[in-house]
>>> print(open('structure33.cif').read())   # mmCIF, C-alpha atoms (C1' of nucleotides)
data_final
#
loop_
_atom_site.label_atom_id
_atom_site.label_comp_id
_atom_site.auth_asym_id
_atom_site.auth_seq_id
_atom_site.Cartn_x
_atom_site.Cartn_y
_atom_site.Cartn_z
CA MET F 22 116.89 91.71 113.22
CA GLY F 23 117.12 87.93 112.68
CA PRO F 24 115.93 86.20 109.52
CA VAL F 25 112.20 86.70 108.97
CA PRO F 26 110.46 83.49 107.87
CA LEU F 27 108.06 83.97 104.93
CA ASP F 28 105.33 81.47 104.13
CA ASP F 29 104.31 80.67 100.55
CA LEU F 30 101.68 83.43 100.53
CA ASP F 31 104.20 86.07 101.64
CA GLU F 32 106.65 84.93 98.99
CA GLN F 33 104.04 85.16 96.27
CA ILE F 34 102.97 88.61 97.45
CA VAL F 35 106.58 89.82 97.51
CA ALA F 36 107.19 88.34 94.05
CA HIS F 37 104.11 90.13 92.73
CA LEU F 38 105.20 93.45 94.24
CA ILE F 39 108.68 93.05 92.76
CA ARG F 40 107.08 92.56 89.34
CA ASP F 41 104.62 95.42 89.82
CA ALA F 42 104.85 97.59 92.90
CA ARG F 43 101.67 99.45 91.96
CA ALA F 44 99.50 96.33 91.74
CA SER F 45 96.29 96.67 93.75
CA TYR F 46 95.77 94.52 96.85
CA ALA F 47 92.74 93.00 95.14
CA GLU F 48 94.81 92.02 92.10
CA ILE F 49 97.50 90.46 94.26
CA GLY F 50 94.80 88.72 96.28
CA THR F 51 93.31 87.14 93.17
CA GLY F 52 96.67 85.69 92.30
CA VAL F 53 97.34 84.17 95.71
CA GLY F 54 93.77 83.34 96.77
CA LEU F 55 93.41 85.97 99.49
CA SER F 56 91.09 88.92 100.03
CA ALA F 57 92.40 92.43 99.52
CA PRO F 58 92.42 93.30 103.24
CA ALA F 59 94.32 90.10 104.02
CA VAL F 60 96.93 91.03 101.42
CA LYS F 61 97.22 94.53 102.84
CA ARG F 62 97.76 93.18 106.35
CA ARG F 63 100.59 91.00 105.11
CA VAL F 64 102.15 93.81 103.10
CA ASP F 65 101.99 96.07 106.16
CA ARG F 66 103.67 93.36 108.20
CA LEU F 67 106.35 92.82 105.54
CA ARG F 68 107.08 96.53 105.62
CA GLY F 69 107.09 96.53 109.41
CA THR F 70 109.59 93.71 109.64
CA GLY F 71 111.81 95.41 107.07
CA VAL F 72 111.52 92.68 104.45
CA ILE F 73 110.05 95.30 102.10
CA LYS F 74 112.19 98.43 102.37
CA GLY F 75 109.94 100.46 100.10
CA PHE F 76 108.64 100.81 96.57
CA THR F 77 110.46 102.53 93.77
CA ALA F 78 110.15 103.36 90.09
CA ARG F 79 112.61 101.69 87.74
CA ILE F 80 114.04 104.36 85.47
CA ASP F 81 115.78 103.86 82.14
CA PRO F 82 118.78 106.22 82.28
CA HIS F 83 119.35 105.77 78.54
CA ALA F 84 115.91 107.17 77.78
CA LEU F 85 116.96 110.30 79.63
CA GLY F 86 120.26 110.59 77.83
CA TRP F 87 122.43 109.19 80.64
CA THR F 88 124.33 106.81 78.42
CA THR F 89 127.48 106.05 80.40
CA GLU F 90 127.81 103.80 83.43
CA ALA F 91 130.98 102.75 85.18
CA LEU F 92 132.07 100.47 87.99
CA VAL F 93 134.87 102.06 89.95
CA GLU F 94 137.13 100.34 92.44
CA VAL F 95 138.06 102.93 95.06
CA TYR F 96 141.29 102.65 97.03
CA CYS F 97 141.28 104.75 100.18
CA GLU F 98 143.97 106.38 102.26
CA PRO F 99 145.01 104.30 105.30
CA ARG F 100 142.62 104.46 108.29
CA THR F 101 139.72 105.81 106.23
CA THR F 102 136.46 104.78 107.90
CA PRO F 103 133.44 103.63 105.87
CA ALA F 104 131.56 106.60 107.34
CA ALA F 105 134.16 109.04 106.04
CA LEU F 106 134.08 107.43 102.60
CA LEU F 107 130.29 107.59 102.55
CA LYS F 108 130.31 111.26 103.52
CA CYS F 109 132.66 111.90 100.61
CA LEU F 110 130.79 109.82 98.03
CA GLU F 111 127.33 111.18 98.74
CA ARG F 112 128.54 114.62 97.70
CA HIS F 113 128.64 113.29 94.13
CA PRO F 114 125.16 112.83 92.67
CA GLU F 115 126.54 110.59 89.92
CA VAL F 116 127.28 107.91 92.52
CA VAL F 117 124.34 105.56 92.22
CA ARG F 118 125.61 102.88 94.54
CA ALA F 119 128.62 102.21 96.73
CA GLU F 120 129.65 99.27 98.86
CA THR F 121 132.72 98.22 100.76
CA VAL F 122 134.30 95.02 99.48
CA THR F 123 136.95 92.45 100.23
CA GLY F 124 140.10 92.40 98.14
CA LYS F 125 142.61 95.07 97.28
CA ALA F 126 140.09 97.84 96.75
CA ASP F 127 138.15 99.30 99.66
CA ALA F 128 134.90 99.96 97.83
CA VAL F 129 133.15 99.50 94.51
CA VAL F 130 131.21 102.49 93.29
CA ARG F 131 128.66 102.58 90.47
CA LEU F 132 128.62 105.83 88.50
CA LEU F 133 125.96 107.09 86.12
CA ALA F 134 127.00 109.87 83.77
CA ALA F 135 125.55 111.57 80.71
CA ASP F 136 128.47 110.61 78.48
CA VAL F 137 132.14 109.69 78.61
CA ARG F 138 133.13 113.33 78.92
CA HIS F 139 130.89 113.69 81.96
CA LEU F 140 132.25 110.45 83.40
CA GLU F 141 135.76 111.82 83.14
CA THR F 142 134.88 114.94 85.12
CA VAL F 143 133.18 112.86 87.82
CA LEU F 144 136.22 110.61 88.15
CA GLU F 145 138.46 113.66 88.40
CA ARG F 146 136.23 115.11 91.11
CA ILE F 147 136.26 111.86 93.09
CA ARG F 148 140.02 111.44 92.76
CA LEU F 149 140.42 114.93 94.24
CA GLU F 150 138.77 113.74 97.48
CA SER F 151 141.31 113.53 100.26
CA VAL F 152 140.23 110.07 101.42
CA VAL F 153 140.58 108.61 97.90
CA ARG F 154 144.01 107.36 96.97
CA GLU F 155 143.33 105.63 93.67
CA THR F 156 140.48 104.58 91.35
CA HIS F 157 140.24 101.75 88.82
CA SER F 158 137.34 102.13 86.42
CA THR F 159 135.58 99.80 84.04
CA VAL F 160 132.87 101.09 81.74
CA VAL F 161 129.60 99.18 81.50
CA LEU F 162 128.91 98.14 77.91
CA SER F 163 125.43 96.62 78.21
CA ARG F 164 123.07 95.28 80.83
CA LEU F 165 122.72 91.57 80.24
CA LEU F 166 120.44 90.61 83.09
CA GLU F 167 118.63 92.43 85.86
CA ARG F 168 116.46 90.81 88.50
CA PRO F 169 114.64 93.66 90.27
CA GLY F 170 114.03 93.66 93.97
CA ASN F 171 117.54 92.93 95.10
CA GLY F 172 119.52 93.92 91.99
CA MET W 29 114.89 105.81 71.09
CA GLY W 30 116.54 109.26 71.40
CA PRO W 31 116.80 111.12 74.66
CA VAL W 32 113.39 112.06 76.03
CA PRO W 33 113.27 115.62 77.36
CA LEU W 34 111.58 115.97 80.77
CA ASP W 35 110.23 119.26 82.04
CA ASP W 36 110.40 120.24 85.72
CA LEU W 37 107.02 118.67 86.46
CA ASP W 38 108.04 115.34 84.92
CA GLU W 39 111.27 115.37 86.90
CA GLN W 40 109.42 115.99 90.15
CA ILE W 41 106.92 113.25 89.39
CA VAL W 42 109.70 110.79 88.59
CA ALA W 43 111.56 111.78 91.76
CA HIS W 44 108.40 111.23 93.81
CA LEU W 45 107.83 107.80 92.25
CA ILE W 46 111.43 106.80 92.90
CA ARG W 47 110.93 107.72 96.56
CA ASP W 48 107.53 106.01 96.77
CA ALA W 49 106.24 104.05 93.81
CA ARG W 50 102.88 103.47 95.53
CA ALA W 51 102.15 107.15 96.06
CA SER W 52 98.69 108.12 94.84
CA TYR W 53 98.33 110.42 91.84
CA ALA W 54 96.53 112.88 94.11
CA GLU W 55 99.44 112.91 96.57
CA ILE W 56 101.98 113.46 93.78
CA GLY W 57 99.73 116.15 92.33
CA THR W 58 99.66 118.03 95.64
CA GLY W 59 103.44 118.08 95.67
CA VAL W 60 103.86 119.39 92.13
CA GLY W 61 100.73 121.54 91.85
CA LEU W 62 98.84 119.36 89.38
CA SER W 63 95.51 117.55 89.47
CA ALA W 64 95.47 113.78 89.85
CA PRO W 65 94.37 113.14 86.25
CA ALA W 66 97.11 115.41 84.96
CA VAL W 67 99.68 113.46 86.95
CA LYS W 68 98.33 110.15 85.66
CA ARG W 69 98.55 111.33 82.07
CA ARG W 70 102.18 112.27 82.57
CA VAL W 71 103.00 108.98 84.31
CA ASP W 72 101.34 107.07 81.46
CA ARG W 73 103.39 109.04 78.97
CA LEU W 74 106.60 108.43 80.94
CA ARG W 75 105.85 104.71 80.86
CA GLY W 76 105.02 104.87 77.16
CA THR W 77 108.28 106.57 76.27
CA GLY W 78 110.20 104.05 78.36
CA VAL W 79 111.54 106.57 80.86
CA ILE W 80 109.76 104.61 83.60
CA LYS W 81 110.44 100.92 83.00
CA GLY W 82 108.18 99.78 85.82
CA PHE W 83 107.63 99.80 89.55
CA THR W 84 109.25 97.40 91.96
CA ALA W 85 109.45 96.60 95.65
CA ARG W 86 112.81 97.14 97.30
CA ILE W 87 113.58 94.02 99.31
CA ASP W 88 116.07 93.67 102.14
CA PRO W 89 117.84 90.36 101.42
CA HIS W 90 119.37 90.38 104.91
CA ALA W 91 115.91 90.36 106.49
CA LEU W 92 115.28 87.14 104.56
CA GLY W 93 118.55 85.54 105.60
CA TRP W 94 120.39 86.16 102.31
CA THR W 95 123.49 87.53 103.94
CA THR W 96 126.16 87.15 101.28
CA GLU W 97 126.63 89.25 98.16
CA ALA W 98 129.50 89.08 95.71
CA LEU W 99 130.70 90.92 92.63
CA VAL W 100 132.19 88.47 90.17
CA GLU W 101 134.31 89.31 87.16
CA VAL W 102 133.58 86.70 84.52
CA TYR W 103 136.16 85.82 81.86
CA CYS W 104 134.64 84.02 78.89
CA GLU W 105 135.98 81.60 76.33
CA PRO W 106 137.02 83.27 73.06
CA ARG W 107 134.17 84.14 70.68
CA THR W 108 131.50 83.92 73.38
CA THR W 109 128.60 86.18 72.44
CA PRO W 110 126.77 88.29 75.05
CA ALA W 111 123.61 86.33 74.16
CA ALA W 112 125.31 83.03 74.95
CA LEU W 113 126.62 84.39 78.25
CA LEU W 114 123.16 85.67 79.15
CA LYS W 115 121.59 82.33 78.35
CA CYS W 116 124.09 80.70 80.69
CA LEU W 117 123.77 83.21 83.53
CA GLU W 118 119.99 83.31 83.66
CA ARG W 119 120.00 79.63 84.56
CA HIS W 120 121.40 80.64 87.96
CA PRO W 121 118.76 82.31 90.14
CA GLU W 122 121.49 83.73 92.42
CA VAL W 123 122.57 86.06 89.60
CA VAL W 124 120.90 89.33 90.46
CA ARG W 125 122.52 91.44 87.79
CA ALA W 126 125.00 91.01 84.96
CA GLU W 127 126.56 93.44 82.53
CA THR W 128 129.29 93.32 79.95
CA VAL W 129 132.21 95.62 80.69
CA THR W 130 135.41 97.04 79.26
CA GLY W 131 138.72 95.80 80.62
CA LYS W 132 140.16 92.35 81.00
CA ALA W 133 136.94 90.70 82.20
CA ASP W 134 134.01 90.22 79.84
CA ALA W 135 131.26 90.76 82.38
CA VAL W 136 130.60 91.70 85.99
CA VAL W 137 127.98 89.61 87.75
CA ARG W 138 126.29 90.36 91.06
CA LEU W 139 125.46 87.29 93.13
CA LEU W 140 123.12 87.01 96.09
CA ALA W 141 123.56 83.94 98.28
CA ALA W 142 122.28 82.79 101.63
CA ASP W 143 125.76 82.47 103.11
CA VAL W 144 129.38 81.94 102.13
CA ARG W 145 128.83 78.20 101.77
CA HIS W 146 126.00 78.86 99.32
CA LEU W 147 128.13 81.42 97.47
CA GLU W 148 130.81 78.81 97.00
CA THR W 149 128.40 76.34 95.42
CA VAL W 150 127.05 79.03 93.07
CA LEU W 151 130.55 79.98 91.96
CA GLU W 152 131.36 76.31 91.36
CA ARG W 153 128.20 75.94 89.29
CA ILE W 154 129.02 79.03 87.21
CA ARG W 155 132.62 77.97 86.67
CA LEU W 156 131.33 74.68 85.30
CA GLU W 157 129.58 76.54 82.47
CA SER W 158 131.32 75.90 79.16
CA VAL W 159 131.40 79.57 78.15
CA VAL W 160 133.06 80.59 81.44
CA ARG W 161 136.82 80.43 81.51
CA GLU W 162 137.59 82.13 84.81
CA THR W 163 135.95 84.08 87.66
CA HIS W 164 137.38 86.67 90.05
CA SER W 165 135.16 87.32 93.06
CA THR W 166 135.00 90.04 95.65
CA VAL W 167 132.59 89.77 98.56
CA VAL W 168 130.43 92.76 99.44
CA LEU W 169 131.00 93.83 103.04
CA SER W 170 128.37 96.56 103.46
CA ARG W 171 126.18 98.81 101.38
CA LEU W 172 127.40 102.35 101.87
CA LEU W 173 125.08 104.23 99.56
CA GLU W 174 122.15 103.36 97.36
CA ARG W 175 120.22 105.78 95.19
CA PRO W 176 117.13 103.90 94.02
CA GLY W 177 115.72 104.30 90.55
CA ASN W 178 118.90 103.67 88.61
CA GLY W 179 120.96 101.82 91.27
"C1'" DA X 24 97.56 120.24 78.03
"C1'" DT X 25 94.94 120.97 82.10
"C1'" DT X 26 90.70 121.20 84.71
"C1'" DG X 27 86.36 119.61 86.98
"C1'" DA X 28 82.72 116.42 87.78
"C1'" DA X 29 80.81 111.88 87.88
"C1'" DA X 30 81.36 106.90 87.67
"C1'" DA X 31 84.08 103.06 88.88
"C1'" DA X 32 87.49 100.97 91.57
"C1'" DA X 33 90.49 100.41 95.37
"C1'" DT X 34 91.58 101.05 100.11
"C1'" DA X 35 91.01 101.32 105.20
"C1'" DT X 36 88.38 100.09 109.02
"C1'" DA X 37 85.35 97.91 111.12
"C1'" DG X 38 82.83 93.68 113.07
"C1'" DT X 39 82.43 88.27 112.69
"C1'" DT X 40 83.75 83.50 112.38
"C1'" DA R 17 94.47 84.97 110.97
"C1'" DA R 18 91.23 85.65 107.35
"C1'" DC R 19 86.55 86.95 105.52
"C1'" DT R 20 82.53 90.16 104.66
"C1'" DA R 21 80.53 94.66 104.78
"C1'" DT R 22 80.88 99.49 104.86
"C1'" DA R 23 82.73 104.17 104.72
"C1'" DT R 24 86.24 106.66 102.60
"C1'" DT R 25 89.56 107.70 99.32
"C1'" DT R 26 91.48 107.24 94.89
"C1'" DT R 27 91.44 106.32 90.14
"C1'" DT R 28 89.45 106.72 85.88
"C1'" DT R 29 86.70 108.50 82.28
"C1'" DC R 30 84.75 112.14 79.82
"C1'" DA R 31 83.27 116.73 78.62
"C1'" DA R 32 84.98 121.37 78.40
"C1'" DT R 33 88.36 125.16 78.07
#
>>> encode(input="structure33.cif", output="structure tokens")
Amino acid sequence: MGPVPLDDLDEQIVAHLIRDARASYAEIGTGVGLSAPAVKRRVDRLRGTGVIKGFTARIDPHALGWTTEALVEVYCEPRTTPAALLKCLERHPEVVRAETVTGKADAVVRLLAADVRHLETVLERIRLESVVRETHSTVVLSRLLERPGNG
Amino acid sequence: MGPVPLDDLDEQIVAHLIRDARASYAEIGTGVGLSAPAVKRRVDRLRGTGVIKGFTARIDPHALGWTTEALVEVYCEPRTTPAALLKCLERHPEVVRAETVTGKADAVVRLLAADVRHLETVLERIRLESVVRETHSTVVLSRLLERPGNG
DNA sequence: ATTGAAAAAATATAGTT
DNA sequence: AACTATATTTTTTCAAT
């Protein structure tokens, strides 16, 4: 699982797939000066080595009426394992992302809720979890910048 | 720009595309009991209404040797507009995401760096920006949970 | 708004340099 | 490791219900 070296062609192919994951191999090939089968071989290899984890649709939650996002610092009870925290968090569908962090908090959790009222109920639900000691929330006002792929 | 209502079929199609953005229309159609053209029409409509913003490849930064992620609270100089902050942040390719937030900080920025040394140089660069007054960083230890699509 | 059929395009799998 | 050619699959278009 060491660092996988990408040549210029791989980088261009990855960049193209980040921009448009449904681009045809032929289209990508035109851009990088490769035939469609050659592009496919490289994409297969990039998936095999784990560089490309998969392809996903980017959804606009606002268009669906999910207007409220929050970043929540979660403080856990002593001796809570990451696995236990994960098991607890994945019970809540509003949790869109969670990662353990350095600092006072144990994890930062991203929540997506329909509105502030919904957000409040989610936070209540999460604070009821036995492994959660405390939560500090900040509400997201607007997305300034988003670079897909890693974002 | 009001909330777009999705019926069950739309929801299933969106869910399928979040799981695999390169799935063929025929494959999606088999899952939801629709013909390929019918699926395509719905996907086109979902793109038109902005529900689907696009399709992207999910990259594993670790596989590429980008091992260090950080969440940075950015405190701006008084009267800094979001537009000015954006203009400043997009100059730094390590900024993967940025959003304005409630609370003491003005924005939360996600950074992706090759290593801690690289992270340090990025933070120095950002702190040199005239609109930035202060930064509080926390380093990401591990991704616990990630639900693609909105994540 | 979906279906079905036909045309066009893209993909997978060869074999070749 | 990449190209060309070919068989197969998929996408797209269009007419019809």
>>> residues_around(input="structure33.cif", residues="segment 25-36 of chain X", least_positions_apart="5", cutoff="9 Å", atoms="only C-alpha atoms (C1' of nucleotides)", output="list of chain:residue names")
F:Ser45, F:Tyr46, F:Ala47, F:Ala57, F:Pro58, W:Leu62, W:Ser63, W:Pro65, W:Ala66, R:DT22, R:DA23, R:DT24, R:DT25, R:DT26, R:DT27, R:DT28, R:DT29, R:DC30, R:DA32, R:DT33
>>> resolve_selection(input="structure33.cif", expression="the PyMOL selection byres ((chain F and resi 171) around 8)", output="list in words")
Arg168, Pro169, Gly170 and Gly172 of chain F; Arg86, Ile87, Asp88, Pro89 and Val124 of chain W
>>> interface_residues(input="structure33.cif", of="chain W", to="chain F", cutoff="7 Å", atoms="all atoms listed in the file", output="MDAnalysis selection string")
chainID W and resid 29:33 45:50 78:89 91:93 114 124:131 166:179
>>> closest_atom_pairs(input="structure33.cif", of="chain R", to="chain F", cutoff="10 Å", atoms="all atoms listed in the file", output="tab-separated table")
residue	atom	partner	partner_atom	distance
R:DA17	C1'	F:Ala59	CA	8.6
R:DA18	C1'	F:Ala59	CA	6.4
R:DC19	C1'	F:Ser56	CA	7.4
R:DT20	C1'	F:Ser56	CA	9.8
>>> atom_distance(input="structure33.cif", atom1="atom CA of Glu141 of chain F", atom2="atom CA of Glu39 of chain W")
25.0 Å
>>> atom_distance(input="structure33.cif", atom1="atom CA of Asp38 of chain W", atom2="atom CA of Glu55 of chain W")
14.7 Å
>>> atom_distance(input="structure33.cif", atom1="atom CA of Ile34 of chain F", atom2="atom CA of Gly54 of chain F")
10.6 Å
>>> residues_near_point(input="structure33.cif", point="(139.2, 109.1, 101.9)", cutoff="6 Å", atoms="all atoms listed in the file", output="NGL selection string")
:F and (97-98 or 101 or 106 or 151-153)
>>> residues_around(input="structure33.cif", residues="Glu162 of chain W", least_positions_apart="6", cutoff="8 Å", atoms="only C-alpha atoms (C1' of nucleotides)", output="ChimeraX atom specification")
/W:102-104,155
